[in-house]
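Report on the following structure.
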Amino acid sequence: MAFGSFVKLFMPKDKVFYNLFEEVTNNLLKMADILVQALDEHDISKRTPMLKSLEDLEHRNDEATHKLFIELGRNFITPFDREDIHALATSLDDIADYIWGSAKRLTNYYIDDVDDTVRAFADVIRRCIIALHSGVKELRDMKNIRAITEACVLINSLENEADDVFDNAMMQLFAYATNPIEVIKKKDLYQELEIVTDKCEDAANVIESIIIKYA
């Protein structure tokens with residue numbers, strides 16, 4: 001093996017990792033936008049295919065995450081800790097999984113009457129992902145640490161907002177709902193949506209760990 005080729009094995013392929021992370025967050029933005037748009041659509045015949053389209057986007061994220069893991073195995077030197085790359089990739093993948101899980105519950109449970117709680121969750125999720133996308137883009141050169149920190153702080157605040165939405169929804173559900181089947185379906189859906197924001201916070205925590213180590 002030529003010396004130049006040997007050296008390349010040890011050079012961090014920053015662009016590969018950053019491009020893949022940004023591909024994933026771009027995809028998450030699309031998923032969040034579709035979720036919000038679908039929930040604003042009152043025509044069930046239009047809403048259902050919109051929700052089902054999230055499955056393809058979730059599969060795309062699986063593929064990008066798989067590529068990240070392959071690159072992690074190929075490269076001796078990485079732009080930041082291997083454990084952090086793995087943790088960030090996993091948490092981002094989880095976000096896509098739980099968004100699609102929420103969409104499946106809406107369709108599989110035949111929840112046609114989308115209430116304000118579900119829309120509130122979707123709005124918080126979208127704002128979380130916008131902030132997450134911004135933070136991930138700034139990791140490429142880490143020149144604007146303040147912007148990364150602000151994005152992470154915002155995500156933590158939004159996760160707390162989602163907790164409040166969930167708590168209020170549970171109180172209302174158990175206080176006024178009379179159909180036990182509807183209670184079970186909505187409780188499961190609310191929990192799935194709230195977990196999306198938990199996973200966004202997990203990703204933000206990984207990003208904070210990265211900037212503490214390398215900023």
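We label chains A, B, ... in the order they appear in the structure tokens, count residues from 1 in each chain, and number ligands from 1 in the order shown.
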List every residue of segment 65-164 of chain A that DSSP, applied to the backbone, labels as alpha helix (DSSP H), and write the result as a PyMOL selection string. chain A and resi 65-74+82-108+116-138+145-164
Which polymer residues have any atom within 12 Å of an atom of segment 84-91 of chain A, counting only C-alpha atoms, with same-chain residues fewer than 5 positions away left out, as a JSON list (two decimals) with C-alpha atoms, in the first residue's frame?
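Written out: selection_2.json:
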```json
[["chain", "number", "residue", "atom", "x", "y", "z"],
["A", 14, "ASP", "CA", -15.51, 14.81, 8.46],
["A", 17, "PHE", "CA", -20.21, 12.10, 8.95],
["A", 18, "TYR", "CA", -21.50, 15.66, 8.83],
["A", 20, "LEU", "CA", -25.00, 12.00, 6.86],
["A", 21, "PHE", "CA", -26.06, 13.71, 10.09],
["A", 22, "GLU", "CA", -27.45, 16.64, 8.11],
["A", 23, "GLU", "CA", -29.22, 14.23, 5.75],
["A", 24, "VAL", "CA", -30.91, 12.65, 8.74],
["A", 25, "THR", "CA", -32.01, 15.96, 10.28],
["A", 28, "LEU", "CA", -36.64, 14.62, 10.20],
["A", 61, "ASN", "CA", -33.43, 7.55, 7.97],
["A", 62, "ASP", "CA", -32.72, 3.89, 8.73],
["A", 63, "GLU", "CA", -30.53, 3.74, 5.62],
["A", 64, "ALA", "CA", -28.64, 6.93, 6.52],
["A", 65, "THR", "CA", -28.12, 5.68, 10.07],
["A", 66, "HIS", "CA", -26.81, 2.40, 8.71],
["A", 67, "LYS", "CA", -24.33, 4.33, 6.54],
["A", 68, "LEU", "CA", -23.19, 6.24, 9.63],
["A", 69, "PHE", "CA", -22.46, 3.01, 11.45],
["A", 70, "ILE", "CA", -20.59, 1.65, 8.41],
["A", 71, "GLU", "CA", -18.44, 4.79, 8.27],
["A", 72, "LEU", "CA", -17.84, 4.50, 11.99],
["A", 73, "GLY", "CA", -16.44, 1.03, 11.44],
["A", 77, "ILE", "CA", -10.13, 8.68, 13.31],
["A", 78, "THR", "CA", -13.49, 10.43, 13.57],
["A", 79, "PRO", "CA", -14.42, 14.12, 13.96],
["A", 96, "ALA", "CA", -37.89, 9.07, 13.19],
["A", 97, "ASP", "CA", -39.06, 5.74, 14.64],
["A", 98, "TYR", "CA", -41.38, 7.39, 17.16],
["A", 132, "LEU", "CA", -31.96, 20.13, 16.41],
["A", 135, "GLY", "CA", -27.50, 22.53, 16.16],
["A", 136, "VAL", "CA", -26.35, 19.62, 14.00],
["A", 139, "LEU", "CA", -21.28, 20.94, 14.48],
["A", 195, "ILE", "CA", -41.49, 10.17, 23.61],
["A", 196, "VAL", "CA", -40.54, 11.92, 20.34],
["A", 197, "THR", "CA", -39.65, 15.03, 22.36],
["A", 198, "ASP", "CA", -37.74, 12.88, 24.86],
["A", 199, "LYS", "CA", -35.63, 11.54, 22.00],
["A", 200, "CYS", "CA", -35.03, 15.08, 20.74],
["A", 201, "GLU", "CA", -33.75, 15.97, 24.20],
["A", 202, "ASP", "CA", -31.52, 12.87, 24.15],
["A", 203, "ALA", "CA", -29.98, 14.09, 20.88],
["A", 204, "ALA", "CA", -29.52, 17.58, 22.31],
["A", 205, "ASN", "CA", -27.75, 16.12, 25.35],
["A", 206, "VAL", "CA", -25.31, 14.28, 23.07],
["A", 207, "ILE", "CA", -24.62, 17.49, 21.16],
["A", 208, "GLU", "CA", -23.95, 19.31, 24.44],
["A", 209, "SER", "CA", -21.52, 16.56, 25.40],
["A", 210, "ILE", "CA", -19.71, 16.97, 22.08],
["A", 211, "ILE", "CA", -19.26, 20.74, 22.37],
["A", 212, "ILE", "CA", -18.08, 20.46, 25.98],
["A", 213, "LYS", "CA", -15.33, 18.08, 24.84],
["A", 214, "TYR", "CA", -14.27, 19.82, 21.64]]
```
Hey, which of A:Ile99, A:Val16, A:Leu106, A:Leu92 ends up closest to Leu39 of chain A? Count only C-alpha atoms. A:Leu106
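Distance annotation: of A:Leu173, A:Leu54, A:Ile184, A:Ile125, the residue with the minimal separation from Asn160 of chain A is A:Ile125; atom set is only C-alpha atoms.
Of the residues under consideration (A:Ile130, A:Ala122, A:Met142, A:Leu154), A:Ala122 shows the shortest atom-to-atom contact distance to Glu192 of chain A when counting only C-alpha atoms.
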